>>> print(open('start11.tsv').read())   # TSV, N, CA and C atoms
chain	number	residue	atom	x	y	z
A	1	MET	N	20.47	-2.40	42.70
A	1	MET	CA	21.39	-2.61	41.59
A	1	MET	C	20.61	-3.19	40.42
A	2	THR	N	20.77	-2.60	39.26
A	2	THR	CA	20.15	-3.10	38.05
A	2	THR	C	21.04	-4.16	37.43
A	3	ILE	N	20.44	-5.27	37.06
A	3	ILE	CA	21.20	-6.36	36.47
A	3	ILE	C	21.00	-6.33	34.95
A	4	ASN	N	22.09	-6.19	34.21
A	4	ASN	CA	21.98	-6.25	32.75
A	4	ASN	C	22.29	-7.66	32.28
A	5	LYS	N	22.21	-7.91	30.99
A	5	LYS	CA	22.43	-9.26	30.46
A	5	LYS	C	23.82	-9.78	30.77
A	6	GLU	N	24.84	-8.91	30.70
A	6	GLU	CA	26.21	-9.34	30.98
A	6	GLU	C	26.36	-9.74	32.45
A	7	ASP	N	25.76	-8.95	33.37
A	7	ASP	CA	25.81	-9.29	34.79
A	7	ASP	C	25.13	-10.62	35.04
A	8	SER	N	23.98	-10.82	34.41
A	8	SER	CA	23.22	-12.05	34.59
A	8	SER	C	24.01	-13.26	34.09
A	9	ALA	N	24.69	-13.12	32.96
A	9	ALA	CA	25.51	-14.22	32.42
A	9	ALA	C	26.66	-14.54	33.36
A	10	ALA	N	27.28	-13.53	33.93
A	10	ALA	CA	28.38	-13.73	34.87
A	10	ALA	C	27.88	-14.49	36.09
A	11	GLU	N	26.72	-14.12	36.59
A	11	GLU	CA	26.15	-14.80	37.75
A	11	GLU	C	25.87	-16.26	37.45
A	12	GLU	N	25.31	-16.54	36.29
A	12	GLU	CA	24.99	-17.92	35.93
A	12	GLU	C	26.24	-18.79	35.82
A	13	ILE	N	27.33	-18.23	35.29
A	13	ILE	CA	28.59	-18.96	35.20
A	13	ILE	C	29.06	-19.36	36.59
A	14	LEU	N	29.05	-18.40	37.51
A	14	LEU	CA	29.55	-18.66	38.85
A	14	LEU	C	28.67	-19.64	39.61
A	15	LEU	N	27.37	-19.53	39.47
A	15	LEU	CA	26.46	-20.44	40.17
A	15	LEU	C	26.48	-21.83	39.55
A	16	ALA	N	26.54	-21.92	38.23
A	16	ALA	CA	26.53	-23.21	37.55
A	16	ALA	C	27.77	-24.03	37.86
A	17	ASP	N	28.91	-23.37	38.00
A	17	ASP	CA	30.15	-24.10	38.30
A	17	ASP	C	30.19	-24.61	39.73
A	18	GLY	N	29.28	-24.14	40.57
A	18	GLY	CA	29.23	-24.60	41.95
A	18	GLY	C	30.30	-24.00	42.84
A	19	ASP	N	31.01	-22.99	42.33
A	19	ASP	CA	32.06	-22.35	43.11
A	19	ASP	C	31.49	-21.38	44.14
A	20	LEU	N	30.24	-20.98	43.95
A	20	LEU	CA	29.68	-19.88	44.73
A	20	LEU	C	28.22	-20.14	45.01
A	21	SER	N	27.77	-19.85	46.23
A	21	SER	CA	26.34	-19.93	46.55
A	21	SER	C	25.70	-18.59	46.22
A	22	ARG	N	24.38	-18.56	46.12
A	22	ARG	CA	23.68	-17.31	45.82
A	22	ARG	C	23.95	-16.26	46.89
A	23	GLU	N	24.04	-16.67	48.17
A	23	GLU	CA	24.32	-15.73	49.25
A	23	GLU	C	25.72	-15.12	49.11
A	24	GLN	N	26.69	-15.95	48.76
A	24	GLN	CA	28.05	-15.45	48.56
A	24	GLN	C	28.10	-14.49	47.36
A	25	LEU	N	27.35	-14.82	46.32
A	25	LEU	CA	27.30	-13.96	45.14
A	25	LEU	C	26.74	-12.59	45.50
A	26	GLU	N	25.67	-12.55	46.26
A	26	GLU	CA	25.07	-11.27	46.65
A	26	GLU	C	26.05	-10.45	47.50
A	27	ALA	N	26.80	-11.11	48.36
A	27	ALA	CA	27.80	-10.40	49.18
A	27	ALA	C	28.90	-9.81	48.29
A	28	LEU	N	29.34	-10.57	47.30
A	28	LEU	CA	30.37	-10.07	46.40
A	28	LEU	C	29.90	-8.86	45.61
A	29	LYS	N	28.64	-8.87	45.21
A	29	LYS	CA	28.11	-7.77	44.41
A	29	LYS	C	28.04	-6.47	45.21
A	30	SER	N	28.06	-6.57	46.53
A	30	SER	CA	28.00	-5.36	47.34
A	30	SER	C	29.40	-4.77	47.58
A	31	PHE	N	30.43	-5.48	47.17
A	31	PHE	CA	31.81	-5.00	47.29
A	31	PHE	C	31.98	-3.75	46.43
A	32	THR	N	32.68	-2.76	46.92
A	32	THR	CA	32.89	-1.55	46.13
A	32	THR	C	34.37	-1.25	45.98
A	33	ILE	N	34.70	-0.61	44.89
A	33	ILE	CA	36.06	-0.16	44.61
A	33	ILE	C	36.04	1.35	44.71
A	34	ALA	N	37.02	1.91	45.36
A	34	ALA	CA	37.06	3.36	45.52
A	34	ALA	C	37.00	4.03	44.15
A	35	SER	N	36.08	4.97	44.00
A	35	SER	CA	35.89	5.62	42.71
A	35	SER	C	37.05	6.53	42.34
A	36	ASP	N	37.89	6.88	43.31
A	36	ASP	CA	39.00	7.77	43.00
A	36	ASP	C	40.26	7.01	42.57
A	37	GLU	N	40.16	5.68	42.50
A	37	GLU	CA	41.29	4.88	42.03
A	37	GLU	C	41.52	5.17	40.55
A	38	ILE	N	42.75	5.39	40.17
A	38	ILE	CA	43.09	5.66	38.78
A	38	ILE	C	44.03	4.57	38.31
A	39	LEU	N	43.72	4.01	37.16
A	39	LEU	CA	44.58	2.98	36.60
A	39	LEU	C	45.76	3.65	35.91
A	40	THR	N	46.95	3.24	36.29
A	40	THR	CA	48.16	3.79	35.69
A	40	THR	C	48.32	3.21	34.29
A	41	PRO	N	48.52	4.07	33.30
A	41	PRO	CA	48.72	3.55	31.94
A	41	PRO	C	49.95	2.65	31.88
A	42	VAL	N	49.79	1.51	31.25
A	42	VAL	CA	50.91	0.59	31.03
A	42	VAL	C	50.84	0.12	29.59
A	43	ASP	N	51.95	-0.38	29.08
A	43	ASP	CA	51.97	-0.88	27.71
A	43	ASP	C	51.38	-2.28	27.69
A	44	LEU	N	50.16	-2.38	27.18
A	44	LEU	CA	49.49	-3.67	27.09
A	44	LEU	C	49.29	-4.07	25.63
A	45	SER	N	50.15	-3.57	24.76
A	45	SER	CA	50.01	-3.86	23.34
A	45	SER	C	50.32	-5.32	23.02
A	46	SER	N	51.06	-5.99	23.89
A	46	SER	CA	51.33	-7.40	23.66
A	46	SER	C	51.15	-8.16	24.97
A	47	LYS	N	50.78	-9.41	24.84
A	47	LYS	CA	50.56	-10.25	26.00
A	47	LYS	C	51.89	-10.55	26.69
A	48	PRO	N	51.84	-10.74	28.01
A	48	PRO	CA	53.07	-11.11	28.70
A	48	PRO	C	53.49	-12.51	28.30
A	49	CYS	N	54.75	-12.81	28.48
A	49	CYS	CA	55.26	-14.14	28.17
A	49	CYS	C	54.97	-15.06	29.34
A	50	LEU	N	53.78	-15.62	29.33
A	50	LEU	CA	53.36	-16.55	30.38
A	50	LEU	C	53.06	-17.89	29.75
A	51	PRO	N	53.12	-18.96	30.52
A	51	PRO	CA	52.75	-20.26	29.97
A	51	PRO	C	51.32	-20.21	29.45
A	52	GLU	N	51.07	-20.90	28.35
A	52	GLU	CA	49.73	-20.93	27.82
A	52	GLU	C	48.84	-21.77	28.71
A	53	ALA	N	47.56	-21.43	28.70
A	53	ALA	CA	46.59	-22.18	29.49
A	53	ALA	C	46.44	-23.58	28.91
A	54	GLY	N	46.29	-24.55	29.80
A	54	GLY	CA	46.05	-25.92	29.36
A	54	GLY	C	44.59	-26.10	29.03
A	55	PRO	N	44.16	-27.35	28.75
A	55	PRO	CA	42.77	-27.61	28.39
A	55	PRO	C	41.78	-27.17	29.48
A	56	ALA	N	42.21	-27.21	30.73
A	56	ALA	CA	41.33	-26.81	31.82
A	56	ALA	C	41.43	-25.32	32.10
A	57	GLY	N	42.26	-24.60	31.35
A	57	GLY	CA	42.42	-23.16	31.55
A	57	GLY	C	43.52	-22.85	32.54
A	58	ILE	N	43.45	-21.65	33.09
A	58	ILE	CA	44.42	-21.19	34.06
A	58	ILE	C	44.24	-21.95	35.37
A	59	ASP	N	45.34	-22.33	35.99
A	59	ASP	CA	45.29	-22.99	37.29
A	59	ASP	C	44.89	-21.96	38.34
A	60	PRO	N	43.95	-22.30	39.24
A	60	PRO	CA	43.54	-21.34	40.27
A	60	PRO	C	44.72	-20.82	41.10
A	61	GLY	N	45.72	-21.66	41.34
A	61	GLY	CA	46.87	-21.24	42.13
A	61	GLY	C	47.72	-20.19	41.42
A	62	ALA	N	47.68	-20.19	40.09
A	62	ALA	CA	48.48	-19.23	39.34
A	62	ALA	C	47.90	-17.82	39.43
A	63	ILE	N	46.57	-17.72	39.44
A	63	ILE	CA	45.94	-16.40	39.43
A	63	ILE	C	45.58	-15.92	40.85
A	64	GLU	N	45.71	-16.79	41.84
A	64	GLU	CA	45.37	-16.42	43.22
A	64	GLU	C	46.09	-15.17	43.73
A	65	PRO	N	47.37	-14.97	43.42
A	65	PRO	CA	48.04	-13.76	43.90
A	65	PRO	C	47.43	-12.46	43.35
A	66	CYS	N	46.59	-12.57	42.34
A	66	CYS	CA	45.97	-11.38	41.73
A	66	CYS	C	44.70	-10.95	42.46
A	67	LEU	N	44.23	-11.74	43.42
A	67	LEU	CA	43.02	-11.34	44.15
A	67	LEU	C	43.23	-9.98	44.80
A	68	PHE	N	42.23	-9.11	44.67
A	68	PHE	CA	42.24	-7.76	45.24
A	68	PHE	C	43.40	-6.92	44.70
A	69	ARG	N	43.79	-7.19	43.45
A	69	ARG	CA	44.82	-6.40	42.77
A	69	ARG	C	44.32	-6.11	41.36
A	70	TYR	N	44.72	-4.98	40.81
A	70	TYR	CA	44.36	-4.67	39.43
A	70	TYR	C	45.05	-5.68	38.53
A	71	THR	N	44.29	-6.27	37.63
A	71	THR	CA	44.76	-7.35	36.78
A	71	THR	C	44.31	-7.09	35.35
A	72	TYR	N	45.20	-7.34	34.41
A	72	TYR	CA	44.80	-7.23	33.01
A	72	TYR	C	44.63	-8.65	32.49
A	73	ILE	N	43.49	-8.91	31.84
A	73	ILE	CA	43.10	-10.24	31.40
A	73	ILE	C	43.00	-10.29	29.88
A	74	TRP	N	43.50	-11.37	29.29
A	74	TRP	CA	43.29	-11.68	27.89
A	74	TRP	C	42.47	-12.97	27.85
A	75	LEU	N	41.33	-12.94	27.17
A	75	LEU	CA	40.51	-14.14	27.03
A	75	LEU	C	40.82	-14.84	25.71
A	76	GLU	N	40.46	-16.12	25.64
A	76	GLU	CA	40.70	-16.90	24.43
A	76	GLU	C	39.93	-16.35	23.23
A	77	ASN	N	38.83	-15.64	23.47
A	77	ASN	CA	38.03	-15.10	22.36
A	77	ASN	C	38.59	-13.78	21.83
A	78	GLY	N	39.74	-13.34	22.36
A	78	GLY	CA	40.38	-12.12	21.89
A	78	GLY	C	40.06	-10.89	22.72
A	79	HIS	N	39.07	-10.95	23.60
A	79	HIS	CA	38.75	-9.81	24.45
A	79	HIS	C	39.84	-9.61	25.49
A	80	GLN	N	40.07	-8.36	25.86
A	80	GLN	CA	41.05	-8.04	26.90
A	80	GLN	C	40.53	-6.84	27.68
A	81	PHE	N	40.83	-6.81	28.99
A	81	PHE	CA	40.26	-5.77	29.83
A	81	PHE	C	40.94	-5.74	31.19
A	82	TRP	N	40.74	-4.62	31.90
A	82	TRP	CA	41.15	-4.51	33.30
A	82	TRP	C	40.12	-5.24	34.15
A	83	PHE	N	40.62	-5.91	35.18
A	83	PHE	CA	39.76	-6.72	36.05
A	83	PHE	C	40.26	-6.57	37.48
A	84	TYR	N	39.34	-6.54	38.42
A	84	TYR	CA	39.69	-6.48	39.84
A	84	TYR	C	39.03	-7.68	40.52
A	85	PRO	N	39.74	-8.84	40.58
A	85	PRO	CA	39.14	-10.06	41.13
A	85	PRO	C	38.97	-10.02	42.65
A	86	VAL	N	37.80	-10.51	43.10
A	86	VAL	CA	37.53	-10.55	44.54
A	86	VAL	C	37.14	-11.96	45.01
A	87	PHE	N	36.94	-12.90	44.06
A	87	PHE	CA	36.59	-14.28	44.42
A	87	PHE	C	37.25	-15.23	43.43
A	88	LEU	N	37.80	-16.32	43.95
A	88	LEU	CA	38.41	-17.35	43.11
A	88	LEU	C	37.88	-18.70	43.54
A	89	GLY	N	37.28	-19.42	42.60
A	89	GLY	CA	36.80	-20.77	42.85
A	89	GLY	C	37.67	-21.79	42.14
A	90	LYS	N	37.27	-23.04	42.14
A	90	LYS	CA	38.05	-24.09	41.48
A	90	LYS	C	38.04	-23.94	39.96
A	91	ARG	N	36.92	-23.42	39.42
A	91	ARG	CA	36.79	-23.33	37.97
A	91	ARG	C	36.42	-21.93	37.47
A	92	SER	N	36.27	-20.97	38.36
A	92	SER	CA	35.85	-19.64	37.91
A	92	SER	C	36.43	-18.55	38.80
A	93	ILE	N	36.34	-17.32	38.31
A	93	ILE	CA	36.82	-16.16	39.05
A	93	ILE	C	35.80	-15.04	38.86
A	94	ALA	N	35.60	-14.24	39.90
A	94	ALA	CA	34.64	-13.14	39.83
A	94	ALA	C	35.26	-11.89	40.40
A	95	GLY	N	34.76	-10.78	39.93
A	95	GLY	CA	35.24	-9.49	40.40
A	95	GLY	C	34.59	-8.39	39.61
A	96	TYR	N	35.35	-7.37	39.33
A	96	TYR	CA	34.82	-6.21	38.64
A	96	TYR	C	35.65	-5.92	37.41
A	97	ARG	N	34.96	-5.74	36.30
A	97	ARG	CA	35.58	-5.47	35.00
A	97	ARG	C	35.39	-3.99	34.67
A	98	TRP	N	36.44	-3.35	34.23
A	98	TRP	CA	36.37	-1.93	33.85
A	98	TRP	C	35.79	-1.85	32.45
A	99	ASP	N	34.68	-1.13	32.28
A	99	ASP	CA	34.05	-1.02	30.96
A	99	ASP	C	34.40	0.28	30.24
A	100	GLY	N	35.36	1.01	30.79
A	100	GLY	CA	35.77	2.27	30.18
A	100	GLY	C	35.27	3.48	30.94
A	101	SER	N	34.22	3.26	31.76
A	101	SER	CA	33.70	4.39	32.54
A	101	SER	C	33.32	3.99	33.97
A	102	ARG	N	33.16	2.69	34.22
A	102	ARG	CA	32.81	2.24	35.57
A	102	ARG	C	33.17	0.77	35.73
A	103	TRP	N	33.19	0.33	36.99
A	103	TRP	CA	33.45	-1.07	37.31
A	103	TRP	C	32.13	-1.82	37.31
A	104	VAL	N	32.07	-2.96	36.58
A	104	VAL	CA	30.87	-3.76	36.45
A	104	VAL	C	31.18	-5.16	36.96
A	105	PHE	N	30.27	-5.71	37.79
A	105	PHE	CA	30.47	-7.07	38.30
A	105	PHE	C	30.58	-8.04	37.13
A	106	TYR	N	31.55	-8.97	37.22
A	106	TYR	CA	31.83	-9.86	36.10
A	106	TYR	C	32.40	-11.17	36.62
A	107	GLY	N	32.05	-12.24	35.97
A	107	GLY	CA	32.61	-13.55	36.29
A	107	GLY	C	32.93	-14.31	35.03
A	108	VAL	N	33.93	-15.15	35.09
A	108	VAL	CA	34.37	-15.91	33.92
A	108	VAL	C	34.97	-17.24	34.40
A	109	THR	N	34.84	-18.25	33.56
A	109	THR	CA	35.47	-19.52	33.91
A	109	THR	C	36.96	-19.43	33.63
A	110	LEU	N	37.75	-20.13	34.40
A	110	LEU	CA	39.20	-20.08	34.25
A	110	LEU	C	39.65	-20.61	32.90
A	111	ARG	N	38.89	-21.52	32.31
A	111	ARG	CA	39.29	-22.07	31.00
A	111	ARG	C	39.18	-21.05	29.88
A	112	GLN	N	38.46	-19.93	30.12
A	112	GLN	CA	38.33	-18.89	29.10
A	112	GLN	C	39.51	-17.91	29.12
A	113	ILE	N	40.31	-17.95	30.18
A	113	ILE	CA	41.43	-17.01	30.31
A	113	ILE	C	42.66	-17.55	29.60
A	114	GLU	N	43.18	-16.76	28.66
A	114	GLU	CA	44.37	-17.16	27.93
A	114	GLU	C	45.63	-16.74	28.70
A	115	SER	N	45.64	-15.49	29.18
A	115	SER	CA	46.76	-15.03	30.00
A	115	SER	C	46.31	-13.83	30.83
A	116	PHE	N	47.17	-13.44	31.76
A	116	PHE	CA	46.84	-12.35	32.67
A	116	PHE	C	48.11	-11.80	33.26
A	117	VAL	N	48.03	-10.59	33.78
A	117	VAL	CA	49.13	-10.01	34.52
A	117	VAL	C	48.50	-9.12	35.60
A	118	CYS	N	49.01	-9.23	36.82
A	118	CYS	CA	48.46	-8.39	37.89
A	118	CYS	C	49.50	-7.41	38.39
A	119	TYR	N	49.01	-6.27	38.90
A	119	TYR	CA	49.88	-5.17	39.32
A	119	TYR	C	49.70	-4.88	40.79
>>> encode(input="start11.tsv", output="structure tokens")
Amino acid sequence: MTINKEDSAAEEILLADGDLSREQLEALKSFTIASDEILTPVDLSSKPCLPEAGPAGIDPGAIEPCLFRYTYIWLENGHQFWFYPVFLGKRSIAGYRWDGSRWVFYGVTLRQIESFVCY
């Protein structure tokens, strides 16, 4: 697997927060999503009416039901994307982000998530 700058940044976030060991990270990166999965178009023009994230971000218990489910994420920086989470720590979440043509390993701290909805 080739690691690009975005993958490397995701790994550093997960390791720095202490939510994940290097061995666990390598195991997660070997996880695969069926390539024949098709995302059903949904209206994502506006964010769902969810409570806003507090200073510490999204509570891990709130996003836990989204593990291993297609999830749409809105970040505080305005970015939004499809995400397939496979790991949830106390301060971060990791999984696969859809880049428009393939699933890319991705991790983010919970405080960066503004809102989300899982399907």
>>> residues_around(input="start11.tsv", residues="Phe81 of chain A", least_positions_apart="3", cutoff="7 Å", atoms="only N, CA and C atoms", output="JSON, numbers by chain")
{"A": [71, 72, 73, 74, 75, 97, 98]}
>>> write_last_selection(input="start11.tsv", atoms="N, CA and C atoms", output="short mmCIF file (atom, residue, chain, number, x, y, z; two decimals), in the coordinates of the input")
data_model
loop_
_atom_site.label_atom_id
_atom_site.label_comp_id
_atom_site.auth_asym_id
_atom_site.auth_seq_id
_atom_site.Cartn_x
_atom_site.Cartn_y
_atom_site.Cartn_z
N THR A 71 44.29 -6.27 37.63
CA THR A 71 44.76 -7.35 36.78
C THR A 71 44.31 -7.09 35.35
N TYR A 72 45.20 -7.34 34.41
CA TYR A 72 44.80 -7.23 33.01
C TYR A 72 44.63 -8.65 32.49
N ILE A 73 43.49 -8.91 31.84
CA ILE A 73 43.10 -10.24 31.40
C ILE A 73 43.00 -10.29 29.88
N TRP A 74 43.50 -11.37 29.29
CA TRP A 74 43.29 -11.68 27.89
C TRP A 74 42.47 -12.97 27.85
N LEU A 75 41.33 -12.94 27.17
CA LEU A 75 40.51 -14.14 27.03
C LEU A 75 40.82 -14.84 25.71
N ARG A 97 34.96 -5.74 36.30
CA ARG A 97 35.58 -5.47 35.00
C ARG A 97 35.39 -3.99 34.67
N TRP A 98 36.44 -3.35 34.23
CA TRP A 98 36.37 -1.93 33.85
C TRP A 98 35.79 -1.85 32.45
#
>>> atom_distance(input="start11.tsv", atom1="atom CA of Ile93 of chain A", atom2="atom CA of Leu14 of chain A")
7.7 Å
>>> atom_distance(input="start11.tsv", atom1="atom CA of Leu25 of chain A", atom2="atom C of Val86 of chain A")
10.0 Å
>>> closest_residue(input="start11.tsv", among="A:Ile113, A:Leu67, A:Phe105, A:Leu15", to="Phe87 of chain A", atoms="all atoms listed in the file")
A:Leu67
>>> closest_residue(input="start11.tsv", among="A:Pro65, A:Ile13, A:Arg22, A:Pro60", to="Val117 of chain A", atoms="only C-alpha atoms")
A:Pro65
>>> closest_residue(input="start11.tsv", among="A:Gly95, A:Asp59, A:Arg111, A:Glu23", to="Trp82 of chain A", atoms="only C-alpha atoms")
A:Gly95
>>> atom_distance(input="start11.tsv", atom1="atom CA of Phe83 of chain A", atom2="atom C of Val108 of chain A")
11.7 Å
>>> closest_residue(input="start11.tsv", among="A:Ala27, A:Ile63, A:Leu88, A:Ile58", to="Gln112 of chain A", atoms="only C-alpha atoms")
A:Ile58
